[in-house]
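Engineer: This is the content of run-v1.cif (mmCIF, N, CA and C atoms):
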```
data_my_file
loop_
_atom_site.label_atom_id
_atom_site.label_comp_id
_atom_site.auth_asym_id
_atom_site.auth_seq_id
_atom_site.Cartn_x
_atom_site.Cartn_y
_atom_site.Cartn_z
N MET T 1 86.24 4.78 -41.16
CA MET T 1 86.86 4.09 -40.05
C MET T 1 86.13 4.48 -38.77
N ARG T 2 85.79 3.49 -37.97
CA ARG T 2 85.08 3.74 -36.72
C ARG T 2 86.08 3.68 -35.56
N ILE T 3 86.23 4.82 -34.87
CA ILE T 3 87.20 5.00 -33.80
C ILE T 3 86.45 5.30 -32.51
N ALA T 4 86.88 4.67 -31.40
CA ALA T 4 86.28 4.94 -30.10
C ALA T 4 87.34 5.38 -29.10
N ILE T 5 86.92 6.28 -28.22
CA ILE T 5 87.71 6.66 -27.05
C ILE T 5 86.83 6.35 -25.85
N CYS T 6 87.34 5.55 -24.94
CA CYS T 6 86.61 5.25 -23.72
C CYS T 6 87.46 5.71 -22.55
N ASP T 7 87.07 6.83 -21.97
CA ASP T 7 87.79 7.43 -20.85
C ASP T 7 86.78 8.22 -20.03
N ASP T 8 86.83 8.09 -18.72
CA ASP T 8 85.85 8.75 -17.85
C ASP T 8 86.10 10.24 -17.69
N SER T 9 87.19 10.76 -18.23
CA SER T 9 87.54 12.17 -18.07
C SER T 9 87.33 12.95 -19.38
N ARG T 10 86.50 13.97 -19.33
CA ARG T 10 86.29 14.84 -20.49
C ARG T 10 87.62 15.50 -20.90
N LYS T 11 88.40 15.91 -19.90
CA LYS T 11 89.69 16.55 -20.18
C LYS T 11 90.61 15.61 -20.96
N GLU T 12 90.68 14.36 -20.52
CA GLU T 12 91.52 13.37 -21.22
C GLU T 12 91.00 13.12 -22.63
N GLN T 13 89.68 13.04 -22.79
CA GLN T 13 89.11 12.86 -24.12
C GLN T 13 89.46 14.03 -25.03
N ASP T 14 89.34 15.24 -24.50
CA ASP T 14 89.66 16.43 -25.30
C ASP T 14 91.13 16.46 -25.70
N GLN T 15 92.02 16.09 -24.78
CA GLN T 15 93.45 16.04 -25.09
C GLN T 15 93.72 14.99 -26.16
N PHE T 16 93.04 13.85 -26.05
CA PHE T 16 93.20 12.80 -27.05
C PHE T 16 92.76 13.30 -28.42
N ILE T 17 91.60 13.91 -28.48
CA ILE T 17 91.09 14.39 -29.77
C ILE T 17 92.02 15.43 -30.36
N LYS T 18 92.58 16.29 -29.54
CA LYS T 18 93.55 17.28 -30.02
C LYS T 18 94.78 16.58 -30.62
N ALA T 19 95.28 15.56 -29.94
CA ALA T 19 96.42 14.80 -30.45
C ALA T 19 96.06 14.06 -31.73
N LEU T 20 94.87 13.49 -31.79
CA LEU T 20 94.40 12.80 -32.99
C LEU T 20 94.33 13.77 -34.16
N HIS T 21 93.77 14.94 -33.92
CA HIS T 21 93.65 15.94 -34.98
C HIS T 21 95.01 16.50 -35.39
N GLY T 22 96.01 16.36 -34.53
CA GLY T 22 97.37 16.72 -34.91
C GLY T 22 97.90 15.83 -36.00
N TRP T 23 97.36 14.62 -36.10
CA TRP T 23 97.74 13.70 -37.16
C TRP T 23 96.78 13.81 -38.34
N ASP T 24 95.47 13.78 -38.04
CA ASP T 24 94.47 13.81 -39.09
C ASP T 24 93.22 14.53 -38.58
N PRO T 25 93.06 15.80 -38.95
CA PRO T 25 91.92 16.58 -38.44
C PRO T 25 90.55 16.12 -38.94
N THR T 26 90.53 15.18 -39.88
CA THR T 26 89.24 14.69 -40.39
C THR T 26 88.70 13.53 -39.56
N ARG T 27 89.51 12.97 -38.69
CA ARG T 27 89.06 11.81 -37.88
C ARG T 27 88.21 12.29 -36.72
N GLU T 28 87.01 11.73 -36.58
CA GLU T 28 86.10 12.09 -35.50
C GLU T 28 85.74 10.82 -34.72
N PRO T 29 86.36 10.64 -33.57
CA PRO T 29 86.07 9.45 -32.77
C PRO T 29 84.74 9.56 -32.03
N GLU T 30 84.18 8.42 -31.73
CA GLU T 30 83.02 8.35 -30.84
C GLU T 30 83.58 8.28 -29.42
N THR T 31 82.99 9.03 -28.50
CA THR T 31 83.52 9.09 -27.13
C THR T 31 82.55 8.46 -26.14
N PHE T 32 83.12 7.80 -25.14
CA PHE T 32 82.35 7.12 -24.11
C PHE T 32 82.99 7.37 -22.76
N PHE T 33 82.15 7.61 -21.75
CA PHE T 33 82.64 7.85 -20.40
C PHE T 33 82.64 6.59 -19.55
N SER T 34 82.06 5.51 -20.06
CA SER T 34 82.04 4.25 -19.29
C SER T 34 82.23 3.07 -20.23
N GLY T 35 82.79 2.03 -19.66
CA GLY T 35 82.96 0.80 -20.42
C GLY T 35 81.64 0.18 -20.82
N ALA T 36 80.64 0.27 -19.96
CA ALA T 36 79.32 -0.29 -20.27
C ALA T 36 78.72 0.38 -21.50
N ASP T 37 78.82 1.70 -21.56
CA ASP T 37 78.29 2.42 -22.73
C ASP T 37 79.08 2.06 -23.99
N PHE T 38 80.39 1.95 -23.84
CA PHE T 38 81.21 1.57 -24.99
C PHE T 38 80.84 0.18 -25.48
N LEU T 39 80.72 -0.79 -24.58
CA LEU T 39 80.40 -2.16 -24.99
C LEU T 39 79.04 -2.24 -25.67
N GLU T 40 78.09 -1.45 -25.19
CA GLU T 40 76.78 -1.40 -25.84
C GLU T 40 76.93 -0.93 -27.29
N ALA T 41 77.72 0.11 -27.50
CA ALA T 41 77.95 0.63 -28.85
C ALA T 41 78.76 -0.35 -29.69
N ALA T 42 79.64 -1.12 -29.05
CA ALA T 42 80.48 -2.08 -29.78
C ALA T 42 79.65 -3.21 -30.38
N ARG T 43 78.47 -3.42 -29.87
CA ARG T 43 77.60 -4.47 -30.41
C ARG T 43 76.95 -4.06 -31.73
N GLU T 44 77.04 -2.77 -32.07
CA GLU T 44 76.46 -2.25 -33.31
C GLU T 44 77.32 -2.63 -34.52
N GLN T 45 76.74 -2.46 -35.67
CA GLN T 45 77.48 -2.68 -36.92
C GLN T 45 77.60 -1.36 -37.64
N PRO T 46 78.67 -1.07 -38.31
CA PRO T 46 79.88 -1.89 -38.37
C PRO T 46 80.63 -1.83 -37.04
N PRO T 47 81.51 -2.80 -36.81
CA PRO T 47 82.26 -2.78 -35.55
C PRO T 47 83.28 -1.64 -35.54
N PHE T 48 83.74 -1.31 -34.35
CA PHE T 48 84.82 -0.33 -34.25
C PHE T 48 86.08 -0.94 -34.86
N ASP T 49 86.83 -0.11 -35.56
CA ASP T 49 88.13 -0.55 -36.07
C ASP T 49 89.17 -0.52 -34.96
N ILE T 50 89.05 0.49 -34.09
CA ILE T 50 90.03 0.68 -33.03
C ILE T 50 89.37 1.38 -31.85
N VAL T 51 89.81 1.00 -30.65
CA VAL T 51 89.35 1.67 -29.43
C VAL T 51 90.58 2.05 -28.61
N PHE T 52 90.55 3.26 -28.10
CA PHE T 52 91.56 3.74 -27.16
C PHE T 52 90.89 3.68 -25.80
N LEU T 53 91.35 2.77 -24.96
CA LEU T 53 90.62 2.36 -23.76
C LEU T 53 91.41 2.68 -22.49
N ASP T 54 90.84 3.54 -21.67
CA ASP T 54 91.43 3.85 -20.37
C ASP T 54 91.32 2.61 -19.48
N ILE T 55 92.31 2.40 -18.64
CA ILE T 55 92.26 1.24 -17.75
C ILE T 55 91.56 1.58 -16.44
N TYR T 56 91.85 2.75 -15.88
CA TYR T 56 91.30 3.11 -14.58
C TYR T 56 90.09 4.02 -14.74
N MET T 57 88.91 3.45 -14.55
CA MET T 57 87.66 4.21 -14.58
C MET T 57 86.86 3.82 -13.35
N PRO T 58 86.05 4.74 -12.82
CA PRO T 58 85.30 4.44 -11.59
C PRO T 58 84.43 3.18 -11.73
N GLY T 59 84.71 2.21 -10.87
CA GLY T 59 83.93 0.98 -10.84
C GLY T 59 84.18 0.04 -12.00
N GLU T 60 85.14 0.39 -12.86
CA GLU T 60 85.42 -0.44 -14.04
C GLU T 60 86.92 -0.56 -14.24
N ASN T 61 87.30 -1.62 -14.92
CA ASN T 61 88.70 -1.83 -15.26
C ASN T 61 88.76 -2.05 -16.77
N GLY T 62 89.55 -1.25 -17.45
CA GLY T 62 89.65 -1.35 -18.90
C GLY T 62 90.12 -2.70 -19.40
N VAL T 63 90.93 -3.40 -18.62
CA VAL T 63 91.39 -4.73 -19.01
C VAL T 63 90.19 -5.68 -19.07
N ASP T 64 89.30 -5.60 -18.08
CA ASP T 64 88.10 -6.44 -18.08
C ASP T 64 87.19 -6.07 -19.26
N ILE T 65 87.08 -4.79 -19.54
CA ILE T 65 86.27 -4.34 -20.68
C ILE T 65 86.84 -4.89 -21.97
N ALA T 66 88.16 -4.87 -22.10
CA ALA T 66 88.81 -5.40 -23.30
C ALA T 66 88.55 -6.90 -23.46
N ARG T 67 88.57 -7.62 -22.36
CA ARG T 67 88.28 -9.07 -22.43
C ARG T 67 86.86 -9.31 -22.95
N GLU T 68 85.93 -8.51 -22.44
CA GLU T 68 84.54 -8.65 -22.90
C GLU T 68 84.43 -8.24 -24.37
N LEU T 69 85.13 -7.19 -24.75
CA LEU T 69 85.11 -6.74 -26.15
C LEU T 69 85.58 -7.83 -27.09
N LYS T 70 86.59 -8.60 -26.68
CA LYS T 70 87.11 -9.68 -27.53
C LYS T 70 86.01 -10.67 -27.90
N GLY T 71 85.07 -10.90 -26.99
CA GLY T 71 83.96 -11.80 -27.28
C GLY T 71 82.91 -11.18 -28.17
N ILE T 72 82.78 -9.86 -28.12
CA ILE T 72 81.79 -9.14 -28.92
C ILE T 72 82.31 -8.82 -30.31
N SER T 73 83.53 -8.34 -30.36
CA SER T 73 84.11 -7.83 -31.60
C SER T 73 85.61 -8.11 -31.63
N PRO T 74 85.97 -9.36 -31.91
CA PRO T 74 87.39 -9.72 -31.86
C PRO T 74 88.27 -8.97 -32.87
N GLU T 75 87.66 -8.39 -33.89
CA GLU T 75 88.45 -7.69 -34.90
C GLU T 75 88.80 -6.26 -34.52
N THR T 76 88.22 -5.74 -33.44
CA THR T 76 88.51 -4.37 -33.01
C THR T 76 89.91 -4.30 -32.40
N GLY T 77 90.73 -3.39 -32.90
CA GLY T 77 92.06 -3.17 -32.35
C GLY T 77 91.97 -2.43 -31.02
N ILE T 78 92.70 -2.89 -30.03
CA ILE T 78 92.65 -2.30 -28.70
C ILE T 78 93.97 -1.58 -28.41
N VAL T 79 93.84 -0.34 -27.98
CA VAL T 79 94.99 0.44 -27.50
C VAL T 79 94.65 0.88 -26.08
N PHE T 80 95.44 0.42 -25.12
CA PHE T 80 95.23 0.86 -23.75
C PHE T 80 95.88 2.21 -23.56
N VAL T 81 95.17 3.09 -22.86
CA VAL T 81 95.65 4.43 -22.55
C VAL T 81 95.49 4.60 -21.04
N THR T 82 96.61 4.82 -20.35
CA THR T 82 96.53 4.85 -18.89
C THR T 82 97.65 5.68 -18.30
N THR T 83 97.58 5.86 -17.00
CA THR T 83 98.60 6.62 -16.28
C THR T 83 99.70 5.73 -15.73
N SER T 84 99.58 4.43 -15.89
CA SER T 84 100.50 3.47 -15.28
C SER T 84 100.96 2.44 -16.29
N GLU T 85 102.16 1.94 -16.08
CA GLU T 85 102.68 0.87 -16.94
C GLU T 85 102.40 -0.52 -16.38
N GLU T 86 101.73 -0.60 -15.23
CA GLU T 86 101.58 -1.88 -14.53
C GLU T 86 100.70 -2.91 -15.24
N HIS T 87 99.92 -2.50 -16.21
CA HIS T 87 99.03 -3.45 -16.90
C HIS T 87 99.55 -3.85 -18.28
N ALA T 88 100.78 -3.54 -18.56
CA ALA T 88 101.34 -3.85 -19.88
C ALA T 88 101.31 -5.36 -20.17
N VAL T 89 101.55 -6.19 -19.17
CA VAL T 89 101.51 -7.64 -19.37
C VAL T 89 100.09 -8.08 -19.73
N ASP T 90 99.09 -7.50 -19.06
CA ASP T 90 97.69 -7.80 -19.39
C ASP T 90 97.41 -7.41 -20.84
N ALA T 91 97.91 -6.24 -21.24
CA ALA T 91 97.69 -5.77 -22.62
C ALA T 91 98.30 -6.75 -23.61
N PHE T 92 99.49 -7.23 -23.31
CA PHE T 92 100.15 -8.20 -24.18
C PHE T 92 99.32 -9.48 -24.29
N SER T 93 98.78 -9.95 -23.18
CA SER T 93 98.00 -11.19 -23.20
C SER T 93 96.71 -11.05 -24.00
N LEU T 94 96.23 -9.82 -24.14
CA LEU T 94 95.01 -9.56 -24.91
C LEU T 94 95.31 -9.16 -26.35
N HIS T 95 96.58 -9.23 -26.72
CA HIS T 95 97.02 -8.87 -28.08
C HIS T 95 96.66 -7.44 -28.44
N ALA T 96 96.83 -6.55 -27.47
CA ALA T 96 96.56 -5.14 -27.72
C ALA T 96 97.53 -4.63 -28.79
N LEU T 97 97.04 -3.67 -29.57
CA LEU T 97 97.90 -3.06 -30.60
C LEU T 97 99.01 -2.22 -29.98
N HIS T 98 98.66 -1.52 -28.90
CA HIS T 98 99.60 -0.58 -28.32
C HIS T 98 99.19 -0.30 -26.88
N TYR T 99 100.11 0.30 -26.14
CA TYR T 99 99.90 0.66 -24.74
C TYR T 99 100.48 2.05 -24.58
N LEU T 100 99.62 3.04 -24.42
CA LEU T 100 100.05 4.43 -24.32
C LEU T 100 99.93 4.93 -22.89
N VAL T 101 100.97 5.58 -22.40
CA VAL T 101 100.92 6.20 -21.08
C VAL T 101 100.57 7.66 -21.27
N LYS T 102 99.58 8.12 -20.49
CA LYS T 102 99.11 9.50 -20.59
C LYS T 102 100.22 10.46 -20.17
N PRO T 103 100.29 11.62 -20.74
CA PRO T 103 99.35 12.19 -21.71
C PRO T 103 99.59 11.62 -23.10
N VAL T 104 98.50 11.41 -23.84
CA VAL T 104 98.57 10.87 -25.19
C VAL T 104 99.13 11.94 -26.12
N THR T 105 100.00 11.49 -27.01
CA THR T 105 100.60 12.41 -27.98
C THR T 105 100.21 12.00 -29.40
N THR T 106 100.37 12.92 -30.30
CA THR T 106 100.11 12.61 -31.72
C THR T 106 101.02 11.46 -32.16
N LYS T 107 102.26 11.48 -31.74
CA LYS T 107 103.21 10.42 -32.11
C LYS T 107 102.70 9.04 -31.67
N GLY T 108 102.17 8.95 -30.45
CA GLY T 108 101.63 7.68 -29.96
C GLY T 108 100.42 7.22 -30.75
N ILE T 109 99.58 8.16 -31.12
CA ILE T 109 98.38 7.83 -31.91
C ILE T 109 98.78 7.35 -33.30
N VAL T 110 99.74 8.03 -33.91
CA VAL T 110 100.21 7.63 -35.24
C VAL T 110 100.76 6.20 -35.18
N GLU T 111 101.51 5.89 -34.13
CA GLU T 111 102.06 4.54 -33.99
C GLU T 111 100.93 3.51 -33.82
N ALA T 112 99.89 3.85 -33.08
CA ALA T 112 98.76 2.92 -32.90
C ALA T 112 98.08 2.64 -34.24
N PHE T 113 97.87 3.67 -35.04
CA PHE T 113 97.24 3.47 -36.35
C PHE T 113 98.17 2.74 -37.31
N ARG T 114 99.47 2.95 -37.18
CA ARG T 114 100.43 2.21 -38.00
C ARG T 114 100.33 0.71 -37.67
N ARG T 115 100.24 0.39 -36.39
CA ARG T 115 100.11 -1.01 -35.98
C ARG T 115 98.78 -1.60 -36.45
N LEU T 116 97.72 -0.81 -36.39
CA LEU T 116 96.43 -1.27 -36.90
C LEU T 116 96.54 -1.61 -38.38
N ALA T 117 97.15 -0.73 -39.14
CA ALA T 117 97.31 -0.96 -40.58
C ALA T 117 98.16 -2.19 -40.84
N TRP T 118 99.19 -2.38 -40.04
CA TRP T 118 100.08 -3.51 -40.23
C TRP T 118 99.36 -4.83 -39.95
N THR T 119 98.49 -4.85 -38.93
CA THR T 119 97.82 -6.09 -38.55
C THR T 119 96.55 -6.37 -39.36
N THR T 120 95.90 -5.32 -39.85
CA THR T 120 94.61 -5.53 -40.52
C THR T 120 94.58 -5.08 -41.97
N GLY T 121 95.55 -4.28 -42.36
CA GLY T 121 95.54 -3.74 -43.71
C GLY T 121 94.63 -2.53 -43.86
N LYS T 122 94.12 -1.98 -42.73
CA LYS T 122 93.22 -0.82 -42.79
C LYS T 122 94.01 0.47 -42.72
#
```
Mind converting the file's structure to structure tokens?

Structural biologist:
Amino acid sequence: MRIAICDDSRKEQDQFIKALHGWDPTREPETFFSGADFLEAAREQPPFDIVFLDIYMPGENGVDIARELKGISPETGIVFVTTSEEHAVDAFSLHALHYLVKPVTTKGIVEAFRRLAWTTGK
């Protein structure tokens, strides 16, 4: 399974990985500090199964990145991870799997993967 974390903060990425390993210590996500770098990697094969995407990054907006991702890899499950609930409607319009408010917890990650399995059978 190909998992991505796109967040401009190393601290947030580390907290996410710790929460992920609380569920499954064998999962190793690919990490990206910018949406541009993530989208470049998303063009590779195989596609990402799931991305945990920060909304607020310097000079970038995760919602815009998600819209572009839909054109590149429509099968990738999107989970928005942010400090605010204000973009939940945008997430819904993009058919995001989940919307997590930081700090990310193991429980939230488990729910995101449950939704991925429910929608894709993965």

Engineer: List the neighbours of segment 56-70 of chain T out to 10 Å using only C-alpha atoms; skip same-chain residues closer than 2 positions along the sequence, and give me the result as a PyMOL selection string.

Structural biologist: chain T and resi 6-9+33-36+38-40+42-43+51-54+72-84+87+90-91+93-96

Engineer: So that all listed atoms of segment 30-40 of chain T fit with 4 Å spare on each side, what axis-aligned box centre and edge lengths in Å, to one decimal, would you give as lines of an AutoDock Vina configuration file?

Structural biologist:
```
center_x = 80.5
center_y = 3.4
center_z = -25.5
size_x = 15.4
size_y = 19.3
size_z = 20.4
```

Engineer: Check the DSSP output for the backbone and give back, as a compact mmCIF listing (two decimals) with N, CA and C atoms, in the coordinates of the input, the residues of segment 16-113 of chain T in strand (DSSP E or B).

Structural biologist:
```txt
# COMPACT_ATOMS: atom_id res chain seq x y z
N GLU T 30 84.18 8.42 -31.73
CA GLU T 30 83.02 8.35 -30.84
C GLU T 30 83.58 8.28 -29.42
N THR T 31 82.99 9.03 -28.50
CA THR T 31 83.52 9.09 -27.13
C THR T 31 82.55 8.46 -26.14
N PHE T 32 83.12 7.80 -25.14
CA PHE T 32 82.35 7.12 -24.11
C PHE T 32 82.99 7.37 -22.76
N ILE T 50 89.05 0.49 -34.09
CA ILE T 50 90.03 0.68 -33.03
C ILE T 50 89.37 1.38 -31.85
N VAL T 51 89.81 1.00 -30.65
CA VAL T 51 89.35 1.67 -29.43
C VAL T 51 90.58 2.05 -28.61
N PHE T 52 90.55 3.26 -28.10
CA PHE T 52 91.56 3.74 -27.16
C PHE T 52 90.89 3.68 -25.80
N LEU T 53 91.35 2.77 -24.96
CA LEU T 53 90.62 2.36 -23.76
C LEU T 53 91.41 2.68 -22.49
N ASP T 54 90.84 3.54 -21.67
CA ASP T 54 91.43 3.85 -20.37
C ASP T 54 91.32 2.61 -19.48
N TYR T 56 91.85 2.75 -15.88
CA TYR T 56 91.30 3.11 -14.58
C TYR T 56 90.09 4.02 -14.74
N MET T 57 88.91 3.45 -14.55
CA MET T 57 87.66 4.21 -14.58
C MET T 57 86.86 3.82 -13.35
N GLU T 60 85.14 0.39 -12.86
CA GLU T 60 85.42 -0.44 -14.04
C GLU T 60 86.92 -0.56 -14.24
N ASN T 61 87.30 -1.62 -14.92
CA ASN T 61 88.70 -1.83 -15.26
C ASN T 61 88.76 -2.05 -16.77
N GLY T 77 90.73 -3.39 -32.90
CA GLY T 77 92.06 -3.17 -32.35
C GLY T 77 91.97 -2.43 -31.02
N ILE T 78 92.70 -2.89 -30.03
CA ILE T 78 92.65 -2.30 -28.70
C ILE T 78 93.97 -1.58 -28.41
N VAL T 79 93.84 -0.34 -27.98
CA VAL T 79 94.99 0.44 -27.50
C VAL T 79 94.65 0.88 -26.08
N PHE T 80 95.44 0.42 -25.12
CA PHE T 80 95.23 0.86 -23.75
C PHE T 80 95.88 2.21 -23.56
N VAL T 81 95.17 3.09 -22.86
CA VAL T 81 95.65 4.43 -22.55
C VAL T 81 95.49 4.60 -21.04
N THR T 82 96.61 4.82 -20.35
CA THR T 82 96.53 4.85 -18.89
C THR T 82 97.65 5.68 -18.30
N HIS T 98 98.66 -1.52 -28.90
CA HIS T 98 99.60 -0.58 -28.32
C HIS T 98 99.19 -0.30 -26.88
N TYR T 99 100.11 0.30 -26.14
CA TYR T 99 99.90 0.66 -24.74
C TYR T 99 100.48 2.05 -24.58
N LEU T 100 99.62 3.04 -24.42
CA LEU T 100 100.05 4.43 -24.32
C LEU T 100 99.93 4.93 -22.89
N VAL T 101 100.97 5.58 -22.40
CA VAL T 101 100.92 6.20 -21.08
C VAL T 101 100.57 7.66 -21.27
```

Engineer: Of the candidates T:Ile55, T:Glu28, T:Asp37, T:Gln45, which shows the shortest atom-to-atom distance to Lys102 of chain T, using only C-alpha atoms?

Structural biologist: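 Going through T:Ile55, T:Glu28, T:Asp37, T:Gln45 one by one, the smallest distance to Lys102 of chain T is for T:Ile55.
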
Engineer: Quick one: apply the PyMOL selection byres ((chain T and resi 103-117) around 8) to the file and drop the selected residues here as a list of chain:residue names.

Structural biologist: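 Written out, the selection comes to T:Glu12, T:Gln15, T:Phe16, T:Lys18, T:Ala19, T:Leu20, T:His21, T:Gly22, T:Trp23, T:Asp24, T:Asp49, T:Ile50, T:Gly77, T:Ile78, T:Val79, T:Val81, T:Thr82, T:Thr83, T:Leu97, T:His98, T:Tyr99, T:Leu100, T:Val101, T:Lys102, T:Trp118, T:Thr119, T:Thr120, T:Gly121, T:Lys122.
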
Engineer: Could you save the residues just selected, with N, CA and C atoms, as a compact mmCIF listing (two decimals), keeping the file's coordinate frame?

Structural biologist:
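Result file follows (again-v8.txt):
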```txt
# COMPACT_ATOMS: atom_id res chain seq x y z
N GLU T 12 90.68 14.36 -20.52
CA GLU T 12 91.52 13.37 -21.22
C GLU T 12 91.00 13.12 -22.63
N GLN T 15 92.02 16.09 -24.78
CA GLN T 15 93.45 16.04 -25.09
C GLN T 15 93.72 14.99 -26.16
N PHE T 16 93.04 13.85 -26.05
CA PHE T 16 93.20 12.80 -27.05
C PHE T 16 92.76 13.30 -28.42
N LYS T 18 92.58 16.29 -29.54
CA LYS T 18 93.55 17.28 -30.02
C LYS T 18 94.78 16.58 -30.62
N ALA T 19 95.28 15.56 -29.94
CA ALA T 19 96.42 14.80 -30.45
C ALA T 19 96.06 14.06 -31.73
N LEU T 20 94.87 13.49 -31.79
CA LEU T 20 94.40 12.80 -32.99
C LEU T 20 94.33 13.77 -34.16
N HIS T 21 93.77 14.94 -33.92
CA HIS T 21 93.65 15.94 -34.98
C HIS T 21 95.01 16.50 -35.39
N GLY T 22 96.01 16.36 -34.53
CA GLY T 22 97.37 16.72 -34.91
C GLY T 22 97.90 15.83 -36.00
N TRP T 23 97.36 14.62 -36.10
CA TRP T 23 97.74 13.70 -37.16
C TRP T 23 96.78 13.81 -38.34
N ASP T 24 95.47 13.78 -38.04
CA ASP T 24 94.47 13.81 -39.09
C ASP T 24 93.22 14.53 -38.58
N ASP T 49 86.83 -0.11 -35.56
CA ASP T 49 88.13 -0.55 -36.07
C ASP T 49 89.17 -0.52 -34.96
N ILE T 50 89.05 0.49 -34.09
CA ILE T 50 90.03 0.68 -33.03
C ILE T 50 89.37 1.38 -31.85
N GLY T 77 90.73 -3.39 -32.90
CA GLY T 77 92.06 -3.17 -32.35
C GLY T 77 91.97 -2.43 -31.02
N ILE T 78 92.70 -2.89 -30.03
CA ILE T 78 92.65 -2.30 -28.70
C ILE T 78 93.97 -1.58 -28.41
N VAL T 79 93.84 -0.34 -27.98
CA VAL T 79 94.99 0.44 -27.50
C VAL T 79 94.65 0.88 -26.08
N VAL T 81 95.17 3.09 -22.86
CA VAL T 81 95.65 4.43 -22.55
C VAL T 81 95.49 4.60 -21.04
N THR T 82 96.61 4.82 -20.35
CA THR T 82 96.53 4.85 -18.89
C THR T 82 97.65 5.68 -18.30
N THR T 83 97.58 5.86 -17.00
CA THR T 83 98.60 6.62 -16.28
C THR T 83 99.70 5.73 -15.73
N LEU T 97 97.04 -3.67 -29.57
CA LEU T 97 97.90 -3.06 -30.60
C LEU T 97 99.01 -2.22 -29.98
N HIS T 98 98.66 -1.52 -28.90
CA HIS T 98 99.60 -0.58 -28.32
C HIS T 98 99.19 -0.30 -26.88
N TYR T 99 100.11 0.30 -26.14
CA TYR T 99 99.90 0.66 -24.74
C TYR T 99 100.48 2.05 -24.58
N LEU T 100 99.62 3.04 -24.42
CA LEU T 100 100.05 4.43 -24.32
C LEU T 100 99.93 4.93 -22.89
N VAL T 101 100.97 5.58 -22.40
CA VAL T 101 100.92 6.20 -21.08
C VAL T 101 100.57 7.66 -21.27
N LYS T 102 99.58 8.12 -20.49
CA LYS T 102 99.11 9.50 -20.59
C LYS T 102 100.22 10.46 -20.17
N TRP T 118 99.19 -2.38 -40.04
CA TRP T 118 100.08 -3.51 -40.23
C TRP T 118 99.36 -4.83 -39.95
N THR T 119 98.49 -4.85 -38.93
CA THR T 119 97.82 -6.09 -38.55
C THR T 119 96.55 -6.37 -39.36
N THR T 120 95.90 -5.32 -39.85
CA THR T 120 94.61 -5.53 -40.52
C THR T 120 94.58 -5.08 -41.97
N GLY T 121 95.55 -4.28 -42.36
CA GLY T 121 95.54 -3.74 -43.71
C GLY T 121 94.63 -2.53 -43.86
N LYS T 122 94.12 -1.98 -42.73
CA LYS T 122 93.22 -0.82 -42.79
C LYS T 122 94.01 0.47 -42.72
```

Engineer: Figure out the distance between atom CA of Phe48 of chain T and atom CA of Lys11 of chain T, please, to one decimal in Å.

Structural biologist: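 Distance reported for this atom pair: 22.5 Å.
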